[in-house]
>>> print(open('start.cif').read())   # mmCIF, C-alpha atoms (C1' of nucleotides)
data_coords
#
loop_
_atom_site.label_atom_id
_atom_site.label_comp_id
_atom_site.auth_asym_id
_atom_site.auth_seq_id
_atom_site.Cartn_x
_atom_site.Cartn_y
_atom_site.Cartn_z
CA MET H 1 135.85 81.98 124.55
CA ASN H 2 132.56 81.22 122.87
CA GLU H 3 129.70 83.29 124.28
CA LEU H 4 127.12 81.36 122.31
CA ASN H 5 128.16 78.09 123.92
CA LEU H 6 127.57 76.03 120.80
CA HIS H 7 126.75 72.39 121.40
CA SER H 8 126.80 70.61 118.10
CA ILE H 9 128.56 72.72 115.47
CA GLU H 10 131.70 74.75 114.89
CA PRO H 11 131.61 78.57 115.06
CA GLY H 12 132.44 78.77 111.35
CA THR H 13 129.54 76.53 110.42
CA PHE H 14 127.33 78.57 112.72
CA GLU H 15 128.10 81.76 110.84
CA ASP H 16 127.57 80.14 107.45
CA ILE H 17 124.13 78.92 108.42
CA GLN H 18 123.26 82.18 110.15
CA ASP H 19 124.01 84.12 106.98
CA HIS H 20 121.51 81.96 105.19
CA VAL H 21 118.69 82.19 107.73
CA SER H 22 119.13 85.91 108.40
CA ASP H 23 117.97 87.24 105.05
CA ASP H 24 114.75 88.84 106.27
CA GLU H 25 113.58 89.72 102.79
CA VAL H 26 113.83 86.17 101.53
CA ILE H 27 112.27 84.75 104.71
CA SER H 28 109.43 87.24 104.49
CA ALA H 29 108.82 86.54 100.81
CA LEU H 30 108.76 82.78 101.39
CA SER H 31 106.48 83.26 104.37
CA ASN H 32 103.99 85.35 102.39
CA LEU H 33 103.85 82.78 99.62
CA PHE H 34 103.20 79.90 101.98
CA LYS H 35 100.65 82.02 103.84
CA ALA H 36 98.82 82.57 100.58
CA LEU H 37 98.79 78.83 99.93
CA CYS H 38 97.86 77.64 103.43
CA ASP H 39 94.18 78.54 103.40
CA PRO H 40 91.77 75.77 102.30
CA THR H 41 89.65 78.14 100.22
CA ARG H 42 92.65 79.49 98.36
CA LEU H 43 94.00 75.97 97.88
CA ARG H 44 90.71 74.96 96.27
CA ILE H 45 91.02 77.94 93.95
CA VAL H 46 94.55 76.98 92.95
CA LEU H 47 93.61 73.33 92.42
CA ALA H 48 90.62 74.34 90.30
CA LEU H 49 92.73 76.67 88.19
CA GLN H 50 95.21 73.88 87.55
CA HIS H 51 92.49 72.32 85.39
CA SER H 52 91.17 75.34 83.57
CA GLU H 53 91.08 79.10 83.31
CA LEU H 54 87.94 80.24 85.14
CA CYS H 55 85.85 83.33 85.83
CA VAL H 56 85.04 84.38 89.40
CA HIS H 57 81.44 83.20 89.21
CA ASP H 58 82.28 79.65 88.11
CA LEU H 59 85.21 79.52 90.52
CA ALA H 60 82.94 80.47 93.41
CA ASN H 61 80.48 77.74 92.48
CA LEU H 62 83.25 75.18 92.10
CA ILE H 63 84.71 75.80 95.53
CA ARG H 64 81.25 76.31 97.09
CA SER H 65 82.00 79.75 98.46
CA SER H 66 80.48 83.19 97.93
CA GLU H 67 81.63 85.34 95.04
CA SER H 68 82.67 88.00 97.53
CA ASN H 69 84.88 85.66 99.45
CA THR H 70 86.29 84.16 96.27
CA SER H 71 87.18 87.65 95.09
CA HIS H 72 88.82 88.45 98.43
CA GLN H 73 90.94 85.32 98.26
CA LEU H 74 91.85 85.87 94.61
CA ARG H 75 93.17 89.26 95.60
CA ILE H 76 95.64 87.61 97.96
CA LEU H 77 96.69 85.07 95.32
CA ARG H 78 97.13 87.90 92.82
CA ALA H 79 99.30 89.86 95.25
CA GLU H 80 101.68 86.89 95.47
CA LYS H 81 101.53 86.41 91.70
CA ILE H 82 100.25 82.89 92.21
CA VAL H 83 97.43 83.59 89.77
CA LYS H 84 97.12 85.97 86.84
CA TYR H 85 93.99 87.32 85.18
CA ARG H 86 92.60 88.82 82.02
CA LYS H 87 89.43 90.83 81.54
CA GLU H 88 86.86 90.03 78.90
CA GLY H 89 83.85 92.31 79.03
CA LYS H 90 82.24 92.04 82.41
CA GLN H 91 84.09 88.88 83.29
CA VAL H 92 87.55 88.34 84.73
CA PHE H 93 89.30 85.09 83.93
CA TYR H 94 91.87 83.74 86.36
CA SER H 95 94.62 81.19 85.77
CA ILE H 96 97.80 79.89 87.43
CA ALA H 97 100.64 82.39 87.02
CA ASP H 98 103.58 80.02 86.54
CA HIS H 99 104.56 76.38 86.58
CA HIS H 100 106.59 76.58 89.81
CA ILE H 101 103.34 76.87 91.75
CA THR H 102 102.13 73.62 90.22
CA HIS H 103 105.47 72.00 91.13
CA VAL H 104 105.12 73.14 94.74
CA ILE H 105 101.73 71.46 95.01
CA THR H 106 103.12 68.31 93.42
CA ASP H 107 106.10 68.18 95.78
CA ILE H 108 103.89 68.66 98.82
CA GLN H 109 101.56 65.90 97.67
CA GLU H 110 104.53 63.56 97.27
CA HIS H 111 105.63 64.43 100.79
CA LEU H 112 102.12 63.53 101.98
CA ARG H 113 102.23 60.16 100.27
CA GLU H 114 105.53 59.29 101.95
CA SER H 115 104.68 60.46 105.45
CA MET K 1 68.18 73.89 82.69
CA ASN K 2 71.37 74.75 84.48
CA GLU K 3 70.77 75.98 88.02
CA LEU K 4 74.41 76.90 88.49
CA ASN K 5 74.33 79.24 85.51
CA LEU K 6 77.88 78.46 84.42
CA HIS K 7 79.63 81.23 82.53
CA SER K 8 82.84 79.87 81.14
CA ILE K 9 82.83 76.06 81.26
CA GLU K 10 80.72 73.04 80.38
CA PRO K 11 78.78 71.17 83.10
CA GLY K 12 80.94 68.06 82.50
CA THR K 13 84.13 70.02 83.02
CA PHE K 14 82.59 71.58 86.10
CA GLU K 15 82.01 68.19 87.68
CA ASP K 16 85.51 66.96 86.83
CA ILE K 17 87.09 69.96 88.52
CA GLN K 18 84.70 69.83 91.43
CA ASP K 19 85.67 66.22 92.14
CA HIS K 20 89.26 67.36 92.38
CA VAL K 21 88.71 70.34 94.67
CA SER K 22 86.22 68.57 96.95
CA ASP K 23 88.57 66.10 98.59
CA ASP K 24 88.52 67.63 102.06
CA GLU K 25 91.18 65.28 103.40
CA VAL K 26 93.69 66.24 100.72
CA ILE K 27 92.85 69.94 101.00
CA SER K 28 93.21 69.81 104.76
CA ALA K 29 96.50 67.94 104.60
CA LEU K 30 97.93 70.40 102.08
CA SER K 31 96.68 73.29 104.16
CA ASN K 32 98.30 72.00 107.33
CA LEU K 33 101.63 71.54 105.58
CA PHE K 34 101.64 75.05 104.13
CA LYS K 35 100.52 76.42 107.51
CA ALA K 36 103.52 74.77 109.10
CA LEU K 37 105.81 76.36 106.52
CA CYS K 38 104.32 79.86 106.49
CA ASP K 39 105.72 81.13 109.77
CA PRO K 40 109.05 83.03 109.54
CA THR K 41 110.46 81.35 112.64
CA ARG K 42 109.66 77.88 111.34
CA LEU K 43 111.04 78.80 107.92
CA ARG K 44 114.31 79.83 109.55
CA ILE K 45 114.41 76.49 111.31
CA VAL K 46 113.84 74.60 108.07
CA LEU K 47 116.45 76.65 106.19
CA ALA K 48 118.96 76.09 108.98
CA LEU K 49 118.35 72.36 109.00
CA GLN K 50 118.92 72.21 105.27
CA HIS K 51 122.58 72.88 106.07
CA SER K 52 123.09 70.66 109.05
CA GLU K 53 121.54 68.49 111.71
CA LEU K 54 121.22 70.67 114.82
CA CYS K 55 120.28 70.50 118.48
CA VAL K 56 117.59 72.80 119.91
CA HIS K 57 120.07 75.03 121.70
CA ASP K 58 122.15 75.78 118.58
CA LEU K 59 119.03 76.08 116.47
CA ALA K 60 117.59 78.68 118.86
CA ASN K 61 120.80 80.70 118.71
CA LEU K 62 120.94 80.47 114.92
CA ILE K 63 117.43 81.79 114.40
CA ARG K 64 117.75 84.29 117.28
CA SER K 65 114.76 83.01 119.18
CA SER K 66 114.24 81.54 122.64
CA GLU K 67 114.74 77.83 123.23
CA SER K 68 111.14 77.61 124.40
CA ASN K 69 109.78 79.12 121.23
CA THR K 70 112.11 77.04 119.09
CA SER K 71 110.86 73.92 120.82
CA HIS K 72 107.23 74.98 120.31
CA GLN K 73 107.80 75.52 116.61
CA LEU K 74 109.74 72.27 116.22
CA ARG K 75 106.73 70.49 117.65
CA ILE K 76 104.60 71.80 114.80
CA LEU K 77 107.20 70.85 112.20
CA ARG K 78 107.43 67.38 113.76
CA ALA K 79 103.65 66.95 113.62
CA GLU K 80 103.74 67.54 109.86
CA LYS K 81 106.77 65.28 109.52
CA ILE K 82 108.72 68.15 108.02
CA VAL K 83 111.54 67.45 110.47
CA LYS K 84 112.66 64.30 112.22
CA TYR K 85 114.78 63.95 115.37
CA ARG K 86 117.06 61.66 117.31
CA LYS K 87 118.01 61.79 120.96
CA GLU K 88 121.60 61.66 122.18
CA GLY K 89 121.87 61.97 125.93
CA LYS K 90 120.37 65.26 127.02
CA GLN K 91 120.31 66.64 123.52
CA VAL K 92 117.81 66.22 120.70
CA PHE K 93 119.08 66.57 117.16
CA TYR K 94 116.70 67.70 114.46
CA SER K 95 116.99 67.34 110.69
CA ILE K 96 114.84 67.64 107.55
CA ALA K 97 112.53 64.64 107.20
CA ASP K 98 112.56 64.15 103.43
CA HIS K 99 113.80 65.65 100.20
CA HIS K 100 110.37 66.79 98.99
CA ILE K 101 110.44 69.55 101.60
CA THR K 102 113.70 70.82 100.17
CA HIS K 103 112.18 70.72 96.68
CA VAL K 104 109.19 72.76 97.84
CA ILE K 105 111.48 75.48 99.13
CA THR K 106 113.48 75.41 95.90
CA ASP K 107 110.36 75.69 93.72
CA ILE K 108 109.01 78.57 95.75
CA GLN K 109 112.33 80.38 95.52
CA GLU K 110 112.30 79.96 91.74
CA HIS K 111 108.78 81.37 91.67
CA LEU K 112 110.09 84.36 93.62
CA ARG K 113 112.91 84.96 91.15
CA GLU K 114 110.50 85.00 88.22
CA SER K 115 107.81 87.19 89.77
"C1'" DT F 1 120.18 61.50 146.84
"C1'" DT F 2 120.88 66.62 144.88
"C1'" DA F 3 122.36 69.69 141.32
"C1'" DT F 4 122.75 70.90 136.63
"C1'" DC F 5 121.69 70.93 131.86
"C1'" DT F 6 118.60 70.37 127.79
"C1'" DT F 7 114.28 70.14 126.02
"C1'" DA F 8 109.26 70.17 126.33
"C1'" DT F 9 104.78 71.95 127.81
"C1'" DG F 10 100.59 74.76 129.64
"C1'" DA F 11 98.50 79.10 130.16
"C1'" DA F 12 97.86 83.70 128.87
"C1'" DC F 13 97.83 87.57 125.83
"C1'" DA F 14 98.29 90.32 121.75
"C1'" DC F 15 98.00 89.97 117.11
"C1'" DT F 16 96.47 88.15 112.73
"C1'" DT F 17 93.11 86.28 109.50
"C1'" DG F 18 88.88 84.25 106.96
"C1'" DT F 19 84.22 85.11 106.25
"C1'" DT F 20 79.95 87.72 105.92
"C1'" DC F 21 77.30 91.68 104.85
"C1'" DA F 22 76.48 95.85 102.66
"C1'" DG F 23 77.64 98.65 99.22
"C1'" DA F 24 80.68 100.35 95.42
"C1'" DT F 25 82.67 99.99 90.79
"C1'" DA F 26 82.69 98.67 86.04
"C1'" DT F 27 80.84 96.88 81.82
"C1'" DT F 28 77.07 95.94 78.72
"C1'" DA F 29 72.36 96.25 77.01
"C1'" DA F 30 67.96 98.45 76.52
"C1'" DT G 1 69.58 107.72 80.76
"C1'" DT G 2 68.23 103.24 83.63
"C1'" DA G 3 68.64 98.33 84.53
"C1'" DA G 4 71.10 94.23 84.90
"C1'" DT G 5 75.29 91.66 85.46
"C1'" DA G 6 80.05 90.60 87.21
"C1'" DT G 7 83.49 91.67 90.21
"C1'" DC G 8 85.59 94.20 93.88
"C1'" DT G 9 86.11 96.43 98.42
"C1'" DG G 10 85.62 98.20 103.45
"C1'" DA G 11 84.10 97.26 107.97
"C1'" DA G 12 83.20 94.17 111.58
"C1'" DC G 13 83.56 90.06 114.24
"C1'" DA G 14 84.74 85.34 115.55
"C1'" DA G 15 88.28 82.17 115.46
"C1'" DG G 16 93.00 80.99 115.16
"C1'" DT G 17 98.10 81.69 116.09
"C1'" DG G 18 103.01 83.05 117.70
"C1'" DT G 19 105.49 84.40 121.60
"C1'" DT G 20 106.59 84.84 126.48
"C1'" DC G 21 106.81 83.27 131.09
"C1'" DA G 22 106.85 79.87 134.45
"C1'" DT G 23 107.32 75.30 135.20
"C1'" DA G 24 107.77 70.34 134.28
"C1'" DA G 25 110.18 66.40 132.48
"C1'" DG G 26 114.14 63.76 131.31
"C1'" DA G 27 119.13 62.76 131.33
"C1'" DT G 28 123.69 63.10 133.31
"C1'" DA G 29 127.10 63.99 136.88
"C1'" DA G 30 128.54 64.58 141.59
#
>>> encode(input="start.cif", output="structure tokens")
Amino acid sequence: MNELNLHSIEPGTFEDIQDHVSDDEVISALSNLFKALCDPTRLRIVLALQHSELCVHDLANLIRSSESNTSHQLRILRAEKIVKYRKEGKQVFYSIADHHITHVITDIQEHLRES
Amino acid sequence: MNELNLHSIEPGTFEDIQDHVSDDEVISALSNLFKALCDPTRLRIVLALQHSELCVHDLANLIRSSESNTSHQLRILRAEKIVKYRKEGKQVFYSIADHHITHVITDIQEHLRES
DNA sequence: TTATCTTATGAACACTTGTTCAGATATTAA
DNA sequence: TTAATATCTGAACAAGTGTTCATAAGATAA
């Protein structure tokens, strides 16, 4: 008796897949990362930082947003360790935290080209 | 005279980066893709489909959500061409649309391991 | 035809989120 | 100290989003 009434897979396969999609911590971590990357303003920040390390003021001008909003969005990118920063006097310089982030953007752009 | 009052980069560099972050179509397309991937329910769907082609009923049971909600979320994934589908009688079988999507997930997971 | 099964859809609601504004913090210079 | 500069933060509000419920649509079988 199969109370789930599976239509297209075997119970064993079902359990294998379920193990993989039931890891709430992993799902939540992935979700938070994609959430951080899904906002146009934050995407502009990430794309800008792929070219050069930048301070908040220049970053704000580049993406045509206020310094306040830029700072708010950088906070979210920092929380997900998508960007890192270093202080130099009054200024704070931001840059991309690791190369996997750049790869993600590249992969997504390739998907766009093919779809 | 520099009305932008740049702090950390040259005007030429500024314009180069600005060209890259000002392509609204690309930014919007990237944003929509990440938006589609940032919801936990949709992430579960994508992770499940990485193992096997699945019909809506089995997919709903796997991710522990209603069939209605699963269908709603599949619609969004379809719109971004993250998943594709084929009909077979009453059933609709979904699968991952292309390998770049799988790579994106892999890259993000590697980022997670290192951060 | 009618009945059943599978999937899709529209409306409604609660919840989340990006931006703005005002103000705070921190660093440097005078 | 005060003033100026650079960045950050909290509150508030509009706009967007995920889920549920009810129902529709499409396919098959009787």
>>> resolve_selection(input="start.cif", expression="the PyMOL selection byres ((chain K) within 12 of (chain G))", output="list in words")
His7, Lys35, Ala36, Cys38, Asp39, Pro40, Thr41, Arg42, Ser65, Ser66, Glu67, Ser68, Asn69, Thr70, Ser71, His72, Gln73, Ile76, Lys87, Glu88, Gly89, Lys90, Gln91 and Val92 of chain K
>>> calpha_fit_and_write(input="start.cif", fixed="chain H", moving="chain K", output="PDB file with C-alpha atoms, keeping the file's coordinate frame")
ATOM      1  CA  MET K   1     135.826  81.924 124.621  1.00  0.00           C
ATOM      2  CA  ASN K   2     132.538  81.157 122.971  1.00  0.00           C
ATOM      3  CA  GLU K   3     129.685  83.232 124.368  1.00  0.00           C
ATOM      4  CA  LEU K   4     127.099  81.303 122.392  1.00  0.00           C
ATOM      5  CA  ASN K   5     128.159  78.025 123.971  1.00  0.00           C
ATOM      6  CA  LEU K   6     127.566  75.974 120.834  1.00  0.00           C
ATOM      7  CA  HIS K   7     126.726  72.334 121.424  1.00  0.00           C
ATOM      8  CA  SER K   8     126.797  70.552 118.122  1.00  0.00           C
ATOM      9  CA  ILE K   9     128.557  72.686 115.500  1.00  0.00           C
ATOM     10  CA  GLU K  10     131.696  74.721 114.907  1.00  0.00           C
ATOM     11  CA  PRO K  11     131.596  78.543 115.102  1.00  0.00           C
ATOM     12  CA  GLY K  12     132.463  78.755 111.374  1.00  0.00           C
ATOM     13  CA  THR K  13     129.561  76.519 110.443  1.00  0.00           C
ATOM     14  CA  PHE K  14     127.346  78.554 112.732  1.00  0.00           C
ATOM     15  CA  GLU K  15     128.130  81.748 110.859  1.00  0.00           C
ATOM     16  CA  ASP K  16     127.606  80.129 107.454  1.00  0.00           C
ATOM     17  CA  ILE K  17     124.153  78.921 108.442  1.00  0.00           C
ATOM     18  CA  GLN K  18     123.298  82.157 110.172  1.00  0.00           C
ATOM     19  CA  ASP K  19     124.050  84.119 106.999  1.00  0.00           C
ATOM     20  CA  HIS K  20     121.548  81.936 105.203  1.00  0.00           C
ATOM     21  CA  VAL K  21     118.727  82.184 107.734  1.00  0.00           C
ATOM     22  CA  SER K  22     119.169  85.914 108.382  1.00  0.00           C
ATOM     23  CA  ASP K  23     118.015  87.238 105.031  1.00  0.00           C
ATOM     24  CA  ASP K  24     114.795  88.839 106.237  1.00  0.00           C
ATOM     25  CA  GLU K  25     113.646  89.741 102.735  1.00  0.00           C
ATOM     26  CA  VAL K  26     113.875  86.160 101.501  1.00  0.00           C
ATOM     27  CA  ILE K  27     112.300  84.771 104.674  1.00  0.00           C
ATOM     28  CA  SER K  28     109.470  87.266 104.445  1.00  0.00           C
ATOM     29  CA  ALA K  29     108.860  86.569 100.773  1.00  0.00           C
ATOM     30  CA  LEU K  30     108.783  82.814 101.359  1.00  0.00           C
ATOM     31  CA  SER K  31     106.503  83.304 104.327  1.00  0.00           C
ATOM     32  CA  ASN K  32     104.036  85.404 102.368  1.00  0.00           C
ATOM     33  CA  LEU K  33     103.873  82.832  99.590  1.00  0.00           C
ATOM     34  CA  PHE K  34     103.219  79.939 101.962  1.00  0.00           C
ATOM     35  CA  LYS K  35     100.671  82.081 103.827  1.00  0.00           C
ATOM     36  CA  ALA K  36      98.835  82.615 100.572  1.00  0.00           C
ATOM     37  CA  LEU K  37      98.796  78.871  99.935  1.00  0.00           C
ATOM     38  CA  CYS K  38      97.864  77.690 103.429  1.00  0.00           C
ATOM     39  CA  ASP K  39      94.188  78.598 103.402  1.00  0.00           C
ATOM     40  CA  PRO K  40      91.788  75.808 102.304  1.00  0.00           C
ATOM     41  CA  THR K  41      89.663  78.171 100.225  1.00  0.00           C
ATOM     42  CA  ARG K  42      92.675  79.524  98.362  1.00  0.00           C
ATOM     43  CA  LEU K  43      94.016  75.999  97.891  1.00  0.00           C
ATOM     44  CA  ARG K  44      90.723  74.991  96.295  1.00  0.00           C
ATOM     45  CA  ILE K  45      91.016  77.953  93.971  1.00  0.00           C
ATOM     46  CA  VAL K  46      94.551  77.005  92.971  1.00  0.00           C
ATOM     47  CA  LEU K  47      93.626  73.343  92.444  1.00  0.00           C
ATOM     48  CA  ALA K  48      90.639  74.358  90.335  1.00  0.00           C
ATOM     49  CA  LEU K  49      92.730  76.671  88.197  1.00  0.00           C
ATOM     50  CA  GLN K  50      95.213  73.898  87.562  1.00  0.00           C
ATOM     51  CA  HIS K  51      92.500  72.321  85.409  1.00  0.00           C
ATOM     52  CA  SER K  52      91.168  75.326  83.602  1.00  0.00           C
ATOM     53  CA  GLU K  53      91.064  79.080  83.307  1.00  0.00           C
ATOM     54  CA  LEU K  54      87.923  80.213  85.145  1.00  0.00           C
ATOM     55  CA  CYS K  55      85.828  83.288  85.825  1.00  0.00           C
ATOM     56  CA  VAL K  56      85.016  84.341  89.403  1.00  0.00           C
ATOM     57  CA  HIS K  57      81.418  83.181  89.212  1.00  0.00           C
ATOM     58  CA  ASP K  58      82.278  79.617  88.128  1.00  0.00           C
ATOM     59  CA  LEU K  59      85.202  79.506  90.519  1.00  0.00           C
ATOM     60  CA  ALA K  60      82.932  80.457  93.433  1.00  0.00           C
ATOM     61  CA  ASN K  61      80.475  77.716  92.508  1.00  0.00           C
ATOM     62  CA  LEU K  62      83.254  75.153  92.125  1.00  0.00           C
ATOM     63  CA  ILE K  63      84.729  75.781  95.555  1.00  0.00           C
ATOM     64  CA  ARG K  64      81.283  76.274  97.145  1.00  0.00           C
ATOM     65  CA  SER K  65      82.010  79.720  98.480  1.00  0.00           C
ATOM     66  CA  SER K  66      80.479  83.153  97.951  1.00  0.00           C
ATOM     67  CA  GLU K  67      81.599  85.312  95.044  1.00  0.00           C
ATOM     68  CA  SER K  68      82.643  87.979  97.529  1.00  0.00           C
ATOM     69  CA  ASN K  69      84.875  85.635  99.452  1.00  0.00           C
ATOM     70  CA  THR K  70      86.272  84.147  96.263  1.00  0.00           C
ATOM     71  CA  SER K  71      87.149  87.623  95.064  1.00  0.00           C
ATOM     72  CA  HIS K  72      88.803  88.456  98.401  1.00  0.00           C
ATOM     73  CA  GLN K  73      90.931  85.333  98.243  1.00  0.00           C
ATOM     74  CA  LEU K  74      91.823  85.872  94.584  1.00  0.00           C
ATOM     75  CA  ARG K  75      93.141  89.272  95.572  1.00  0.00           C
ATOM     76  CA  ILE K  76      95.620  87.628  97.923  1.00  0.00           C
ATOM     77  CA  LEU K  77      96.669  85.084  95.306  1.00  0.00           C
ATOM     78  CA  ARG K  78      97.106  87.915  92.791  1.00  0.00           C
ATOM     79  CA  ALA K  79      99.286  89.877  95.218  1.00  0.00           C
ATOM     80  CA  GLU K  80     101.671  86.918  95.440  1.00  0.00           C
ATOM     81  CA  LYS K  81     101.509  86.433  91.679  1.00  0.00           C
ATOM     82  CA  ILE K  82     100.239  82.911  92.207  1.00  0.00           C
ATOM     83  CA  VAL K  83      97.413  83.617  89.767  1.00  0.00           C
ATOM     84  CA  LYS K  84      97.117  85.977  86.837  1.00  0.00           C
ATOM     85  CA  TYR K  85      93.962  87.317  85.167  1.00  0.00           C
ATOM     86  CA  ARG K  86      92.539  88.785  82.000  1.00  0.00           C
ATOM     87  CA  LYS K  87      89.370  90.779  81.522  1.00  0.00           C
ATOM     88  CA  GLU K  88      86.775  89.956  78.881  1.00  0.00           C
ATOM     89  CA  GLY K  89      83.784  92.250  79.021  1.00  0.00           C
ATOM     90  CA  LYS K  90      82.149  91.962  82.413  1.00  0.00           C
ATOM     91  CA  GLN K  91      84.039  88.830  83.298  1.00  0.00           C
ATOM     92  CA  VAL K  92      87.516  88.316  84.721  1.00  0.00           C
ATOM     93  CA  PHE K  93      89.274  85.067  83.932  1.00  0.00           C
ATOM     94  CA  TYR K  94      91.856  83.745  86.344  1.00  0.00           C
ATOM     95  CA  SER K  95      94.609  81.193  85.763  1.00  0.00           C
ATOM     96  CA  ILE K  96      97.795  79.901  87.421  1.00  0.00           C
ATOM     97  CA  ALA K  97     100.641  82.388  87.004  1.00  0.00           C
ATOM     98  CA  ASP K  98     103.585  80.031  86.522  1.00  0.00           C
ATOM     99  CA  HIS K  99     104.579  76.394  86.559  1.00  0.00           C
ATOM    100  CA  HIS K 100     106.600  76.603  89.784  1.00  0.00           C
ATOM    101  CA  ILE K 101     103.347  76.891  91.726  1.00  0.00           C
ATOM    102  CA  THR K 102     102.152  73.644  90.204  1.00  0.00           C
ATOM    103  CA  HIS K 103     105.472  72.021  91.119  1.00  0.00           C
ATOM    104  CA  VAL K 104     105.129  73.172  94.726  1.00  0.00           C
ATOM    105  CA  ILE K 105     101.750  71.495  94.994  1.00  0.00           C
ATOM    106  CA  THR K 106     103.126  68.333  93.398  1.00  0.00           C
ATOM    107  CA  ASP K 107     106.109  68.185  95.773  1.00  0.00           C
ATOM    108  CA  ILE K 108     103.920  68.693  98.804  1.00  0.00           C
ATOM    109  CA  GLN K 109     101.567  65.957  97.651  1.00  0.00           C
ATOM    110  CA  GLU K 110     104.515  63.585  97.261  1.00  0.00           C
ATOM    111  CA  HIS K 111     105.626  64.481 100.774  1.00  0.00           C
ATOM    112  CA  LEU K 112     102.125  63.589 101.958  1.00  0.00           C
ATOM    113  CA  ARG K 113     102.222  60.196 100.258  1.00  0.00           C
ATOM    114  CA  GLU K 114     105.512  59.315 101.930  1.00  0.00           C
ATOM    115  CA  SER K 115     104.666  60.510 105.436  1.00  0.00           C
TER     116      SER K 115
END
>>> closest_atom_pairs(input="start.cif", of="chain F", to="chain H", cutoff="12 Å", atoms="all atoms listed in the file", output="JSON lines")
{"residue": "F:DC5", "atom": "C1'", "partner": "H:His7", "partner_atom": "CA", "distance": 11.7}
{"residue": "F:DT6", "atom": "C1'", "partner": "H:His7", "partner_atom": "CA", "distance": 10.6}
{"residue": "F:DT16", "atom": "C1'", "partner": "H:Lys35", "partner_atom": "CA", "distance": 11.6}
{"residue": "F:DT17", "atom": "C1'", "partner": "H:Asp39", "partner_atom": "CA", "distance": 9.9}
{"residue": "F:DG18", "atom": "C1'", "partner": "H:Asp39", "partner_atom": "CA", "distance": 8.6}
{"residue": "F:DT19", "atom": "C1'", "partner": "H:Asn69", "partner_atom": "CA", "distance": 6.9}
{"residue": "F:DT20", "atom": "C1'", "partner": "H:Asn69", "partner_atom": "CA", "distance": 8.4}
{"residue": "F:DC21", "atom": "C1'", "partner": "H:Ser68", "partner_atom": "CA", "distance": 9.8}
{"residue": "F:DA22", "atom": "C1'", "partner": "H:Ser68", "partner_atom": "CA", "distance": 11.2}
{"residue": "F:DG23", "atom": "C1'", "partner": "H:Ser68", "partner_atom": "CA", "distance": 11.9}
{"residue": "F:DT25", "atom": "C1'", "partner": "H:Lys90", "partner_atom": "CA", "distance": 11.6}
{"residue": "F:DA26", "atom": "C1'", "partner": "H:Lys90", "partner_atom": "CA", "distance": 7.6}
{"residue": "F:DT27", "atom": "C1'", "partner": "H:Lys90", "partner_atom": "CA", "distance": 5.1}
{"residue": "F:DT28", "atom": "C1'", "partner": "H:Lys90", "partner_atom": "CA", "distance": 7.5}
>>> resolve_selection(input="start.cif", expression="the PyMOL selection byres ((chain H) within 7 of (chain K))", output="PyMOL selection string")
chain H and resi 6-8+17-18+21+27-28+31-32+34-35+37-40+43-44+47-48+51+54-55+58+62-63+81+100+103-104+107-108+110-111+115
>>> atom_distance(input="start.cif", atom1="atom CA of H:Glu25", atom2="atom CA of K:Leu74")
22.4 Å
>>> atom_distance(input="start.cif", atom1="atom CA of H:Arg75", atom2="atom CA of H:Ala60")
13.7 Å
>>> atom_distance(input="start.cif", atom1="atom CA of H:Arg78", atom2="atom C1' of F:DC15")
24.4 Å
>>> axis_aligned_box(input="start.cif", around="stretch 13-23 of chain G", padding_each_side="6 Å", output="JSON")
{"center_x": 95.4, "center_y": 82.7, "center_z": 124.7, "size_x": 35.8, "size_y": 26.8, "size_z": 33.0}
>>> build_atoms(input="start.cif", residues="stretch 86-95 of chain H", atoms="N, CA and C atoms", output="PDB file, keeping the file's coordinate frame")
ATOM      1  N   ARG H  86      92.839  87.980  83.200  1.00  0.00           N
ATOM      2  CA  ARG H  86      92.600  88.820  82.020  1.00  0.00           C
ATOM      3  C   ARG H  86      91.116  89.187  82.016  1.00  0.00           C
ATOM      4  N   LYS H  87      90.804  90.372  81.574  1.00  0.00           N
ATOM      5  CA  LYS H  87      89.430  90.830  81.540  1.00  0.00           C
ATOM      6  C   LYS H  87      88.828  90.590  80.163  1.00  0.00           C
ATOM      7  N   GLU H  88      87.570  90.219  80.168  1.00  0.00           N
ATOM      8  CA  GLU H  88      86.860  90.030  78.900  1.00  0.00           C
ATOM      9  C   GLU H  88      85.431  90.500  79.124  1.00  0.00           C
ATOM     10  N   GLY H  89      85.159  91.732  78.765  1.00  0.00           N
ATOM     11  CA  GLY H  89      83.850  92.310  79.030  1.00  0.00           C
ATOM     12  C   GLY H  89      83.649  92.466  80.520  1.00  0.00           C
ATOM     13  N   LYS H  90      82.528  91.938  80.986  1.00  0.00           N
ATOM     14  CA  LYS H  90      82.240  92.040  82.410  1.00  0.00           C
ATOM     15  C   LYS H  90      82.985  91.004  83.237  1.00  0.00           C
ATOM     16  N   GLN H  91      83.485  89.986  82.553  1.00  0.00           N
ATOM     17  CA  GLN H  91      84.090  88.880  83.290  1.00  0.00           C
ATOM     18  C   GLN H  91      85.589  89.032  83.447  1.00  0.00           C
ATOM     19  N   VAL H  92      86.113  88.403  84.497  1.00  0.00           N
ATOM     20  CA  VAL H  92      87.550  88.340  84.730  1.00  0.00           C
ATOM     21  C   VAL H  92      87.946  86.876  84.814  1.00  0.00           C
ATOM     22  N   PHE H  93      88.869  86.479  83.965  1.00  0.00           N
ATOM     23  CA  PHE H  93      89.300  85.090  83.930  1.00  0.00           C
ATOM     24  C   PHE H  93      90.633  84.917  84.639  1.00  0.00           C
ATOM     25  N   TYR H  94      90.655  83.998  85.585  1.00  0.00           N
ATOM     26  CA  TYR H  94      91.870  83.740  86.360  1.00  0.00           C
ATOM     27  C   TYR H  94      92.532  82.442  85.917  1.00  0.00           C
ATOM     28  N   SER H  95      93.871  82.418  86.047  1.00  0.00           N
ATOM     29  CA  SER H  95      94.620  81.190  85.770  1.00  0.00           C
ATOM     30  C   SER H  95      95.902  81.177  86.598  1.00  0.00           C
TER      31      SER H  95
END
